[in-house]
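Chemist: Please find final-v6.csv (CSV, C-alpha atoms) on the next line:
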chain,number,residue,atom,x,y,z
Q,1,MET,CA,105.4,71.0,-1.3
Q,2,ASN,CA,108.8,72.2,0.0
Q,3,GLU,CA,110.6,75.3,-1.3
Q,4,ILE,CA,112.9,73.3,-3.7
Q,5,SER,CA,110.1,71.3,-5.3
Q,6,SER,CA,108.1,74.5,-5.6
Q,7,LEU,CA,110.9,76.3,-7.4
Q,8,PHE,CA,111.5,73.3,-9.7
Q,9,SER,CA,107.8,73.2,-10.5
Q,10,GLN,CA,107.9,76.9,-11.4
Q,11,LEU,CA,110.9,76.3,-13.6
Q,12,LEU,CA,109.2,73.4,-15.4
Q,13,GLN,CA,106.1,75.5,-16.0
Q,14,SER,CA,108.1,78.5,-17.3
Q,15,ARG,CA,110.0,76.6,-19.9
Q,16,GLN,CA,108.7,77.1,-23.4
Q,17,THR,CA,109.9,76.8,-27.0
Q,18,LEU,CA,111.0,80.2,-28.4
Q,19,LEU,CA,112.1,79.8,-32.0
Q,20,PRO,CA,115.6,81.0,-33.0
Q,21,LYS,CA,114.1,84.1,-34.8
Q,22,ARG,CA,112.9,85.2,-31.4
Q,23,LEU,CA,116.3,84.8,-29.7
Q,24,GLY,CA,119.1,87.4,-29.8
Q,25,LEU,CA,122.2,88.7,-28.0
Q,26,PRO,CA,123.4,88.3,-25.4
Q,27,GLY,CA,123.9,84.6,-25.4
Q,28,PRO,CA,125.3,82.5,-22.6
Q,29,ASP,CA,128.8,83.5,-21.4
Q,30,ALA,CA,131.5,80.9,-20.9
Q,31,GLU,CA,130.4,80.1,-17.3
Q,32,GLN,CA,126.7,79.9,-18.3
Q,33,LEU,CA,127.6,77.7,-21.3
Q,34,SER,CA,129.5,75.4,-19.0
Q,35,LEU,CA,126.5,75.1,-16.7
Q,36,ILE,CA,124.2,74.3,-19.7
Q,37,LEU,CA,126.6,71.7,-21.1
Q,38,ASP,CA,127.2,70.1,-17.6
Q,39,ALA,CA,123.5,69.7,-17.1
Q,40,ALA,CA,123.4,67.1,-19.9
Q,41,ALA,CA,125.7,64.8,-17.9
Q,42,HIS,CA,122.9,64.1,-15.4
Q,43,ALA,CA,120.6,62.4,-18.0
Q,44,PRO,CA,119.9,58.7,-17.5
Q,45,ASP,CA,122.4,56.6,-19.5
Q,46,HIS,CA,121.9,52.8,-19.4
Q,47,GLY,CA,125.2,51.1,-19.4
Q,48,GLN,CA,127.0,54.5,-19.3
Q,49,LEU,CA,127.4,54.3,-23.0
Q,50,LEU,CA,127.4,58.1,-23.5
Q,51,PRO,CA,125.6,57.4,-26.9
Q,52,TRP,CA,125.1,61.1,-27.6
Q,53,ARG,CA,127.2,64.2,-28.1
Q,54,PHE,CA,126.7,67.9,-28.8
Q,55,VAL,CA,128.5,69.9,-31.4
Q,56,VAL,CA,128.8,73.7,-30.7
Q,57,ILE,CA,128.6,75.8,-33.9
Q,58,PRO,CA,130.7,78.9,-33.3
Q,59,ASP,CA,130.0,82.2,-35.1
Q,60,ALA,CA,132.9,81.6,-37.5
Q,61,GLU,CA,131.3,78.4,-38.7
Q,62,ARG,CA,127.8,79.6,-39.2
Q,63,SER,CA,128.3,80.5,-42.8
Q,64,ALA,CA,129.5,77.0,-43.5
Q,65,LEU,CA,126.4,75.6,-41.9
Q,66,GLY,CA,124.3,78.0,-43.9
Q,67,ARG,CA,125.9,76.7,-47.1
Q,68,ALA,CA,125.1,73.1,-45.9
Q,69,PHE,CA,121.5,74.1,-45.4
Q,70,ALA,CA,121.3,75.6,-48.9
Q,71,ASP,CA,122.9,72.6,-50.4
Q,72,ALA,CA,120.5,70.3,-48.5
Q,73,LEU,CA,117.6,72.2,-50.1
Q,74,LEU,CA,119.1,71.7,-53.5
Q,75,GLU,CA,119.5,68.0,-52.8
Q,76,ARG,CA,115.7,67.9,-52.3
Q,77,ASP,CA,114.7,70.5,-54.9
Q,78,ALA,CA,117.1,71.3,-57.7
Q,79,ALA,CA,114.7,74.0,-58.8
Q,80,ALA,CA,114.9,75.9,-55.5
Q,81,LEU,CA,114.8,79.7,-56.1
Q,82,PRO,CA,117.7,82.0,-55.0
Q,83,GLU,CA,115.5,83.5,-52.3
Q,84,GLN,CA,114.7,80.0,-50.9
Q,85,LEU,CA,118.4,79.2,-50.8
Q,86,GLN,CA,119.0,82.5,-49.0
Q,87,GLN,CA,116.3,81.7,-46.5
Q,88,ALA,CA,117.8,78.3,-45.9
Q,89,HIS,CA,121.3,79.8,-45.4
Q,90,GLU,CA,120.0,82.4,-42.9
Q,91,LYS,CA,118.6,79.7,-40.6
Q,92,ALA,CA,122.2,79.1,-39.5
Q,93,LEU,CA,122.7,82.7,-38.4
Q,94,ARG,CA,119.9,82.8,-35.8
Q,95,SER,CA,120.4,82.6,-32.0
Q,96,PRO,CA,123.6,83.4,-30.2
Q,97,LEU,CA,124.2,79.8,-29.1
Q,98,LEU,CA,123.6,76.9,-31.6
Q,99,LEU,CA,124.4,73.3,-31.0
Q,100,MET,CA,123.6,70.0,-32.8
Q,101,LEU,CA,122.7,66.8,-31.1
Q,102,VAL,CA,124.2,63.6,-32.5
Q,103,VAL,CA,123.3,60.1,-31.4
Q,104,GLU,CA,125.4,57.0,-32.1
Q,105,ASP,CA,123.7,53.7,-32.5
Q,106,GLU,CA,126.5,51.1,-32.0
Q,107,ARG,CA,128.8,52.3,-29.2
Q,108,GLY,CA,129.0,49.8,-26.3
Q,109,ASP,CA,126.3,47.3,-25.5
Q,110,ALA,CA,124.5,46.3,-28.7
Q,111,GLU,CA,121.5,45.2,-26.6
Q,112,ILE,CA,120.9,48.9,-25.8
Q,113,GLY,CA,118.9,49.9,-28.8
Q,114,LEU,CA,118.6,53.1,-30.7
Q,115,LEU,CA,115.3,54.2,-29.1
Q,116,GLU,CA,116.8,53.9,-25.6
Q,117,ARG,CA,119.8,55.9,-26.7
Q,118,VAL,CA,117.6,58.6,-28.2
Q,119,ILE,CA,115.6,58.7,-24.9
Q,120,SER,CA,118.8,59.3,-23.0
Q,121,ALA,CA,119.7,62.1,-25.5
Q,122,GLY,CA,116.3,63.6,-25.0
Q,123,CYS,CA,116.8,63.7,-21.3
Q,124,ALA,CA,120.1,65.3,-21.8
Q,125,VAL,CA,118.5,68.0,-24.0
Q,126,GLN,CA,115.7,68.6,-21.5
Q,127,ASN,CA,118.3,69.1,-18.7
Q,128,MET,CA,120.0,71.7,-20.9
Q,129,LEU,CA,116.8,73.5,-21.8
Q,130,LEU,CA,115.8,73.7,-18.1
Q,131,MET,CA,119.3,75.0,-17.2
Q,132,ALA,CA,119.0,77.6,-20.0
Q,133,THR,CA,115.6,78.6,-18.6
Q,134,ALA,CA,116.9,78.8,-15.1
Q,135,LEU,CA,119.7,81.2,-16.3
Q,136,GLY,CA,117.1,83.5,-17.9
Q,137,PHE,CA,117.5,82.5,-21.5
Q,138,GLY,CA,115.0,81.3,-24.1
Q,139,SER,CA,115.6,78.1,-26.1
Q,140,ALA,CA,114.3,75.9,-28.8
Q,141,LEU,CA,114.8,72.6,-30.5
Q,142,THR,CA,114.6,72.6,-34.3
Q,143,SER,CA,114.8,69.8,-36.8
Q,144,GLY,CA,114.1,69.4,-40.5
Q,145,LYS,CA,115.0,67.5,-43.6
Q,146,ALA,CA,118.5,69.0,-43.7
Q,147,LEU,CA,119.6,66.8,-40.8
Q,148,LYS,CA,119.5,63.8,-43.1
Q,149,SER,CA,121.3,65.5,-46.0
Q,150,SER,CA,124.7,64.4,-47.3
Q,151,SER,CA,125.9,68.0,-47.2
Q,152,LEU,CA,125.2,68.3,-43.4
Q,153,ARG,CA,126.6,64.8,-42.7
Q,154,GLU,CA,129.7,65.7,-44.5
Q,155,LEU,CA,130.1,69.1,-42.8
Q,156,PHE,CA,129.9,67.4,-39.3
Q,157,SER,CA,131.9,64.3,-40.4
Q,158,LEU,CA,129.2,62.0,-39.2
Q,159,SER,CA,129.9,58.3,-39.4
Q,160,THR,CA,127.4,55.8,-40.8
Q,161,ASN,CA,126.4,54.9,-37.2
Q,162,GLU,CA,125.7,58.5,-36.2
Q,163,HIS,CA,122.4,60.3,-36.5
Q,164,ALA,CA,121.9,64.1,-36.5
Q,165,ILE,CA,118.8,64.5,-34.3
Q,166,CYS,CA,118.1,68.2,-33.8
Q,167,PHE,CA,119.6,71.7,-33.2
Q,168,LEU,CA,119.4,73.4,-29.9
Q,169,SER,CA,119.3,77.2,-29.9
Q,170,VAL,CA,119.7,79.5,-26.8
Q,171,GLY,CA,119.6,83.2,-26.5
Q,172,THR,CA,118.0,86.2,-24.9
Q,173,VAL,CA,114.3,86.5,-25.7
Q,174,GLN,CA,113.7,89.3,-28.1
Q,175,ARG,CA,110.0,88.7,-28.7
Q,176,ALA,CA,108.0,86.8,-26.1
Q,177,LYS,CA,105.0,84.7,-26.9
Q,178,ALA,CA,102.0,83.6,-24.9
Q,179,ALA,CA,102.5,80.4,-23.0
Q,180,ARG,CA,100.6,77.5,-24.7
Q,181,VAL,CA,98.0,75.5,-22.8
Q,182,ARG,CA,99.7,72.3,-21.6
Q,183,PRO,CA,97.8,68.9,-21.6
Q,184,LYS,CA,96.5,67.6,-18.3
Q,185,ALA,CA,97.8,64.4,-16.9
Q,186,ASP,CA,94.6,62.5,-17.6
Q,187,GLN,CA,95.1,63.1,-21.3
Q,188,TYR,CA,98.3,61.1,-21.5
Q,189,VAL,CA,98.2,58.8,-18.4
Q,190,SER,CA,96.4,55.5,-18.1
Q,191,TYR,CA,96.6,52.7,-15.5
Q,192,LEU,CA,97.2,49.1,-16.2
Q,193,SER,CA,94.2,47.0,-15.1
Q,194,THR,CA,93.6,43.2,-15.5
Q,195,ASP,CA,90.2,43.6,-14.0
Q,196,PRO,CA,87.7,42.3,-16.7
Q,197,ARG,CA,84.9,44.5,-15.3
The structure given in the file should be rewritten as structure tokens.

Modeler:
Amino acid sequence: MNEISSLFSQLLQSRQTLLPKRLGLPGPDAEQLSLILDAAAHAPDHGQLLPWRFVVIPDAERSALGRAFADALLERDAAALPEQLQQAHEKALRSPLLLMLVVEDERGDAEIGLLERVISAGCAVQNMLLMATALGFGSALTSGKALKSSSLRELFSLSTNEHAICFLSVGTVQRAKAARVRPKADQYVSYLSTDPR
């Protein structure tokens, strides 16, 4: 193994999910944010459709996102308690950098289906997570039922062909956690065989 592959292996092994409540200031500066965003451009993209995009949620818009989260909870549960609505609102205020991933299902070649587009988006996200890790930040992907809510779709002006996939949070690790045990390759890899024996 050469030096570059060794360093990349270490980077892969050091990446872990750190939930937004474990992330704080400082977040990426302008140059670091540019590196994180540029990393997405190196994802595989069949047909060069660019079927995904990221929306940065600046601090000034976090409260609006919090209201959308609270409204989304009310859409699902009209009897939600005030403290539950407050908790939903507070989710928008965590982590210094917050982005939302959107995938579009009709742009360009209709033969390139939604699953392939989502895989491309997943590769873009992984590139960004790895760059954030390389820069010394913690990161996480979060999802939830609010992503399908009318309040969130309206806030982000999503078209009927666009899907809110997840949020990406990046910040400085405030509370570390033990690395989880990763599966071994033999747990998720098999080999095609036509041998009847």

Chemist: Could you give me, as a tab-separated table, every range 90-193 of chain Q residue with an atom at most 9 Å from range 33-37 of chain Q, plus its closest atom pair and distance in Å to one decimal, counting all atoms listed in the file, rows ordered by chain then number?

Modeler:
residue	atom	partner	partner_atom	distance
Q:Leu97	CA	Q:Leu33	CA	8.8
Q:Asn127	CA	Q:Ile36	CA	7.9
Q:Met128	CA	Q:Ile36	CA	5.1
Q:Leu129	CA	Q:Ile36	CA	7.7
Q:Leu130	CA	Q:Ile36	CA	8.6
Q:Met131	CA	Q:Ile36	CA	5.5
Q:Ala132	CA	Q:Ile36	CA	6.2
Q:Leu135	CA	Q:Ile36	CA	8.9

Chemist: To one decimal place in Å, what is the distance between CA of Gln187 in chain Q and CA of Arg15 in chain Q?

Modeler: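 Between CA of Gln187 in chain Q and CA of Arg15 in chain Q the gap works out to 20.2 Å.
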
Chemist: With only C-alpha atoms as the atoms that count, which of Q:Leu158, Q:Leu65, Q:Ala30, Q:Ile165 lies nearest to Ile119 in chain Q?

Modeler: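 The shortest atom-to-atom distance to Ile119 in chain Q comes from Q:Ile165.
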
Chemist: Between Q:Arg175, Q:Arg180, Q:Arg67, Q:Lys145, which residue has the minimum interatomic distance to Gln86 in chain Q, considering only C-alpha atoms?

Modeler: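 The shortest atom-to-atom distance to Gln86 in chain Q comes from Q:Arg67.
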
Chemist: Select, from Q:Ala164, Q:Ala40, Q:Val118, Q:Ile4, the residue with the minimum atom-to-atom distance to Leu152 in chain Q, counting only C-alpha atoms.

Modeler: Q:Ala164

Chemist: Identify which of the residues Q:Pro51, Q:Gly66, Q:Gly138, Q:Pro82 lies closest to Gly171 in chain Q, counting all atoms listed in the file when measuring atom-to-atom distances.

Modeler: Q:Gly138

Chemist: Could you state the separation of CA of Leu23 in chain Q and CA of Glu162 in chain Q in Å, given to one decimal place?

Modeler: 28.7 Å

Chemist: May I ask for the distance between CA of Gly24 in chain Q and CA of Val173 in chain Q, given in Å to one decimal place?

Modeler: 6.4 Å

Chemist: Where atoms are absent from range 9-37 of chain Q, fill them in so it carries N, CA and C atoms, then output it as an mmCIF file, in the coordinates of the input.

Modeler:
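And here is the file that came out, selection_0.cif:
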data_model
loop_
_atom_site.group_PDB
_atom_site.id
_atom_site.type_symbol
_atom_site.label_atom_id
_atom_site.label_comp_id
_atom_site.auth_asym_id
_atom_site.auth_seq_id
_atom_site.Cartn_x
_atom_site.Cartn_y
_atom_site.Cartn_z
ATOM 1 N N SER Q 9 109.039 73.199 -9.787
ATOM 2 C CA SER Q 9 107.800 73.200 -10.500
ATOM 3 C C SER Q 9 107.592 74.505 -11.289
ATOM 4 N N GLN Q 10 107.970 75.621 -10.699
ATOM 5 C CA GLN Q 10 107.900 76.900 -11.400
ATOM 6 C C GLN Q 10 108.806 76.923 -12.623
ATOM 7 N N LEU Q 11 110.011 76.343 -12.459
ATOM 8 C CA LEU Q 11 110.900 76.300 -13.600
ATOM 9 C C LEU Q 11 110.373 75.461 -14.720
ATOM 10 N N LEU Q 12 109.834 74.288 -14.411
ATOM 11 C CA LEU Q 12 109.200 73.400 -15.400
ATOM 12 C C LEU Q 12 108.115 74.175 -16.168
ATOM 13 N N GLN Q 13 107.287 74.857 -15.398
ATOM 14 C CA GLN Q 13 106.100 75.500 -16.000
ATOM 15 C C GLN Q 13 106.521 76.767 -16.793
ATOM 16 N N SER Q 14 107.699 77.320 -16.524
ATOM 17 C CA SER Q 14 108.100 78.500 -17.300
ATOM 18 C C SER Q 14 108.841 78.196 -18.554
ATOM 19 N N ARG Q 15 109.310 76.938 -18.714
ATOM 20 C CA ARG Q 15 110.000 76.600 -19.900
ATOM 21 C C ARG Q 15 109.066 76.527 -21.117
ATOM 22 N N GLN Q 16 109.432 77.176 -22.190
ATOM 23 C CA GLN Q 16 108.700 77.100 -23.400
ATOM 24 C C GLN Q 16 109.587 77.213 -24.610
ATOM 25 N N THR Q 17 109.131 76.736 -25.746
ATOM 26 C CA THR Q 17 109.900 76.800 -27.000
ATOM 27 C C THR Q 17 109.800 78.230 -27.543
ATOM 28 N N LEU Q 18 110.950 78.857 -27.753
ATOM 29 C CA LEU Q 18 111.000 80.200 -28.400
ATOM 30 C C LEU Q 18 111.919 79.992 -29.628
ATOM 31 N N LEU Q 19 111.349 80.049 -30.802
ATOM 32 C CA LEU Q 19 112.100 79.800 -32.000
ATOM 33 C C LEU Q 19 113.300 80.674 -32.178
ATOM 34 N N PRO Q 20 114.333 80.208 -32.878
ATOM 35 C CA PRO Q 20 115.600 81.000 -33.000
ATOM 36 C C PRO Q 20 115.355 82.419 -33.477
ATOM 37 N N LYS Q 21 114.361 82.677 -34.318
ATOM 38 C CA LYS Q 21 114.100 84.100 -34.800
ATOM 39 C C LYS Q 21 113.688 84.980 -33.667
ATOM 40 N N ARG Q 22 113.284 84.411 -32.528
ATOM 41 C CA ARG Q 22 112.900 85.200 -31.400
ATOM 42 C C ARG Q 22 114.025 85.391 -30.366
ATOM 43 N N LEU Q 23 115.194 84.813 -30.669
ATOM 44 C CA LEU Q 23 116.300 84.800 -29.700
ATOM 45 C C LEU Q 23 117.438 85.714 -30.268
ATOM 46 N N GLY Q 24 118.046 86.490 -29.381
ATOM 47 C CA GLY Q 24 119.100 87.400 -29.800
ATOM 48 C C GLY Q 24 120.200 87.474 -28.722
ATOM 49 N N LEU Q 25 121.083 88.437 -28.916
ATOM 50 C CA LEU Q 25 122.200 88.700 -28.000
ATOM 51 C C LEU Q 25 121.612 89.356 -26.701
ATOM 52 N N PRO Q 26 122.256 89.151 -25.562
ATOM 53 C CA PRO Q 26 123.400 88.300 -25.400
ATOM 54 C C PRO Q 26 123.086 86.837 -25.251
ATOM 55 N N GLY Q 27 124.005 85.993 -25.638
ATOM 56 C CA GLY Q 27 123.900 84.600 -25.400
ATOM 57 C C GLY Q 27 124.595 84.213 -24.111
ATOM 58 N N PRO Q 28 124.639 82.951 -23.788
ATOM 59 C CA PRO Q 28 125.300 82.500 -22.600
ATOM 60 C C PRO Q 28 126.834 82.864 -22.638
ATOM 61 N N ASP Q 29 127.372 83.325 -21.507
ATOM 62 C CA ASP Q 29 128.800 83.500 -21.400
ATOM 63 C C ASP Q 29 129.479 82.169 -21.156
ATOM 64 N N ALA Q 30 130.799 82.157 -21.012
ATOM 65 C CA ALA Q 30 131.500 80.900 -20.900
ATOM 66 C C ALA Q 30 131.051 80.102 -19.646
ATOM 67 N N GLU Q 31 130.830 80.797 -18.528
ATOM 68 C CA GLU Q 31 130.400 80.100 -17.300
ATOM 69 C C GLU Q 31 128.985 79.548 -17.467
ATOM 70 N N GLN Q 32 128.097 80.327 -18.069
ATOM 71 C CA GLN Q 32 126.700 79.900 -18.300
ATOM 72 C C GLN Q 32 126.685 78.713 -19.275
ATOM 73 N N LEU Q 33 127.487 78.779 -20.315
ATOM 74 C CA LEU Q 33 127.600 77.700 -21.300
ATOM 75 C C LEU Q 33 128.027 76.404 -20.595
ATOM 76 N N SER Q 34 129.004 76.539 -19.713
ATOM 77 C CA SER Q 34 129.500 75.400 -19.000
ATOM 78 C C SER Q 34 128.385 74.745 -18.146
ATOM 79 N N LEU Q 35 127.572 75.565 -17.505
ATOM 80 C CA LEU Q 35 126.500 75.100 -16.700
ATOM 81 C C LEU Q 35 125.436 74.326 -17.584
ATOM 82 N N ILE Q 36 125.148 74.895 -18.748
ATOM 83 C CA ILE Q 36 124.200 74.300 -19.700
ATOM 84 C C ILE Q 36 124.710 72.939 -20.166
ATOM 85 N N LEU Q 37 125.982 72.897 -20.558
ATOM 86 C CA LEU Q 37 126.600 71.700 -21.100
ATOM 87 C C LEU Q 37 126.678 70.605 -19.963
#
